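To keep things clear, I will list the structure first and then write my remarks on it.
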Amino acid sequence: MKFAYFNPTVMAVDDVPSGDYSQLKALTDAAHEHSEKNDEGNPEISIRGGQQIQLLPNELGLDTTHLKDFVENRCKEYIANIIKTSGVGDLYGYDPVLISAWTIKQESGDYQALHSHEAHISGNIYIDIPLLEENARPSDANIEFRLPVIRNPAHFVFTDQWRFKPQPLKMIIFPSYIPHTVYPWSGQGCRTILAWDAKLIAK
C-alpha cells in the first residue's frame, strides 16, 4: 500500500489482487443488473448521470462477505500506518467495520458533484475504467479531493488538492470527511467503481 501525507491527511493507494478483483467485479456486475434499484434520481446523492446501486445495506440478497473482509482488512492496514507515523495509539482501541457499500457505473459526460461521507474511512475500488478520447484533459474522469492544508510559503506547502486518475485493479482509501468530486469525461466504455464507508467501533 502506498501512502501520501497532506499535513496531516493520509491518503492511500493499494493494489487489488486479481483474485479479489474477480470476486468484486462479479458482485458489481450482478448489482448493475438490477436497474430498478438505481438511486441516480435521488437528490441527496452526488452522481449526475449513470447508475448507482446500493450493496450495503443489502436489499439484493447478494453475497457481500468477501467485500466486507477485503475492505476491513485494508482499513486495518491503513490505520496501522497512521498509528506508526503519528505515534498516537488511540486507534488501537477501535476496529473498522464496513457500514455501507455501493457501486456506480457512469458513461461519457457523467460526473459526481462535490460531496463528503458521514463515516470515518471511505474508499473506491476501480472495477472498469473508460478509454478517453485522444484530446482528453488531464483531469478527465479523475477524482479530486479538496484537502484541508494550510498554505505555508516558508515550507513550500501550497497543495490543497489531490487528484487520482482511475487505474485498473487499484483502490484508494481516504478520510470520509474530505470533500471530493469526479470530473466528467468523453470517450468509450464505463467508469465503474465499488465505493464504501467504514466506521471505527470500540473493541
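As shown in the C-alpha cells, the chain order sets the letters A, B, ...; within each chain, residues go from 1, and ligands are also counted from 1 in the order they appear.
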Got a sec: who's within 12 Å of Val10 of chain A, counting only C-alpha atoms, leaving out chain neighbours fewer than 3 positions off, as a PyMOL selection string? chain A and resi 2-7+13+78-83+85-86+121-122+145+147-149+162+172-176+178
Can you list, as a ChimeraX atom specification, all residues belonging to chain A that DSSP tags as helix (DSSP H, G or I)? /A:18-32,35-37,65-86,90-93,153-155
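Closest to Ala31 of chain A among A:Tyr126, A:Phe164, A:Trp102, A:Trp196 is A:Trp102, based on only C-alpha atoms.
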Residues near Thr192 of chain A, cut-off 6 Å, only C-alpha atoms, skip fewer than 6 positions along chain, as an MDAnalysis selection string: chainID A and resid 104:105 127:128
Using only C-alpha atoms, which of the listed residues (A:Phe70, A:Tyr92, A:Trp185, A:Tyr111) sits closest to Pro130 of chain A?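 Smallest separation from Pro130 of chain A among the options: A:Trp185.
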Please identify all polymer residues within 7 Å of Tyr183 of chain A, counting only C-alpha atoms, omitting same-chain residues fewer than 6 positions from it, and present them as a PDB file with all heavy atoms, in the first residue's frame.
ATOM      1  N   TYR A 111     -20.765  12.586 -14.241  1.00  0.00           N
ATOM      2  CA  TYR A 111     -19.785  13.044 -13.248  1.00  0.00           C
ATOM      3  C   TYR A 111     -20.385  12.919 -11.856  1.00  0.00           C
ATOM      4  O   TYR A 111     -21.530  12.474 -11.690  1.00  0.00           O
ATOM      5  CB  TYR A 111     -19.372  14.495 -13.528  1.00  0.00           C
ATOM      6  CG  TYR A 111     -20.490  15.519 -13.348  1.00  0.00           C
ATOM      7  CD1 TYR A 111     -20.584  16.281 -12.186  1.00  0.00           C
ATOM      8  CD2 TYR A 111     -21.441  15.732 -14.344  1.00  0.00           C
ATOM      9  CE1 TYR A 111     -21.597  17.218 -12.020  1.00  0.00           C
ATOM     10  CE2 TYR A 111     -22.450  16.660 -14.192  1.00  0.00           C
ATOM     11  CZ  TYR A 111     -22.524  17.400 -13.028  1.00  0.00           C
ATOM     12  OH  TYR A 111     -23.531  18.326 -12.862  1.00  0.00           O
ATOM     13  N   GLN A 112     -19.611  13.326 -10.855  1.00  0.00           N
ATOM     14  CA  GLN A 112     -20.109  13.379  -9.479  1.00  0.00           C
ATOM     15  C   GLN A 112     -19.864  14.769  -8.911  1.00  0.00           C
ATOM     16  O   GLN A 112     -18.772  15.322  -9.049  1.00  0.00           O
ATOM     17  CB  GLN A 112     -19.422  12.337  -8.591  1.00  0.00           C
ATOM     18  CG  GLN A 112     -19.961  10.928  -8.783  1.00  0.00           C
ATOM     19  CD  GLN A 112     -19.308   9.965  -7.834  1.00  0.00           C
ATOM     20  OE1 GLN A 112     -18.342   9.296  -8.194  1.00  0.00           O
ATOM     21  NE2 GLN A 112     -19.819   9.877  -6.632  1.00  0.00           N
ATOM     22  N   SER A 139      -7.460  16.144 -16.268  1.00  0.00           N
ATOM     23  CA  SER A 139      -8.365  15.908 -15.137  1.00  0.00           C
ATOM     24  C   SER A 139      -9.551  15.012 -15.485  1.00  0.00           C
ATOM     25  O   SER A 139     -10.277  14.585 -14.581  1.00  0.00           O
ATOM     26  CB  SER A 139      -8.896  17.245 -14.606  1.00  0.00           C
ATOM     27  OG  SER A 139      -9.615  17.928 -15.616  1.00  0.00           O
ATOM     28  N   ASP A 140      -9.765  14.700 -16.755  1.00  0.00           N
ATOM     29  CA  ASP A 140     -10.952  13.942 -17.155  1.00  0.00           C
ATOM     30  C   ASP A 140     -11.029  12.595 -16.429  1.00  0.00           C
ATOM     31  O   ASP A 140     -10.037  11.843 -16.366  1.00  0.00           O
ATOM     32  CB  ASP A 140     -10.946  13.700 -18.664  1.00  0.00           C
ATOM     33  CG  ASP A 140     -11.362  14.934 -19.449  1.00  0.00           C
ATOM     34  OD1 ASP A 140     -11.599  15.980 -18.831  1.00  0.00           O
ATOM     35  OD2 ASP A 140     -11.445  14.843 -20.695  1.00  0.00           O
ATOM     36  N   ALA A 141     -12.216  12.314 -15.868  1.00  0.00           N
ATOM     37  CA  ALA A 141     -12.519  11.068 -15.149  1.00  0.00           C
ATOM     38  C   ALA A 141     -11.782  10.954 -13.818  1.00  0.00           C
ATOM     39  O   ALA A 141     -11.919   9.952 -13.120  1.00  0.00           O
ATOM     40  CB  ALA A 141     -12.257   9.843 -16.012  1.00  0.00           C
ATOM     41  N   ASN A 142     -10.987  11.970 -13.462  1.00  0.00           N
ATOM     42  CA  ASN A 142     -10.258  11.944 -12.182  1.00  0.00           C
ATOM     43  C   ASN A 142     -11.199  12.205 -11.011  1.00  0.00           C
ATOM     44  O   ASN A 142     -12.193  12.919 -11.140  1.00  0.00           O
ATOM     45  CB  ASN A 142      -9.171  13.011 -12.154  1.00  0.00           C
ATOM     46  CG  ASN A 142      -7.952  12.674 -12.989  1.00  0.00           C
ATOM     47  OD1 ASN A 142      -6.892  13.219 -12.756  1.00  0.00           O
ATOM     48  ND2 ASN A 142      -8.091  11.801 -13.968  1.00  0.00           N
ATOM     49  N   ILE A 143     -10.835  11.636  -9.874  1.00  0.00           N
ATOM     50  CA  ILE A 143     -11.447  12.058  -8.623  1.00  0.00           C
ATOM     51  C   ILE A 143     -10.521  13.106  -8.016  1.00  0.00           C
ATOM     52  O   ILE A 143      -9.290  12.953  -8.032  1.00  0.00           O
ATOM     53  CB  ILE A 143     -11.670  10.870  -7.658  1.00  0.00           C
ATOM     54  CG1 ILE A 143     -12.393  11.335  -6.388  1.00  0.00           C
ATOM     55  CG2 ILE A 143     -10.365  10.158  -7.313  1.00  0.00           C
ATOM     56  CD1 ILE A 143     -12.883  10.208  -5.497  1.00  0.00           C
TER      57      ILE A 143
END
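As for atom CA of Asp63 of chain A and atom CA of Pro166 of chain A, they are spaced 25.7 Å apart.
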Residues at most 6 Å from Asn124 of chain A, counting only C-alpha atoms, excluding those fewer than 6 positions away in the same chain, as a ChimeraX atom specification? /A:171-172,194-195
May I have the residues from that selection written out with C-alpha atoms, as a compact mmCIF listing (two decimals), in the first residue's frame?
# COMPACT_ATOMS: atom_id res chain seq x y z
CA MET A 171 -8.22 1.18 -4.78
CA ILE A 172 -7.93 4.42 -2.85
CA LEU A 194 -17.21 -0.01 -5.91
CA ALA A 195 -17.38 2.61 -3.15
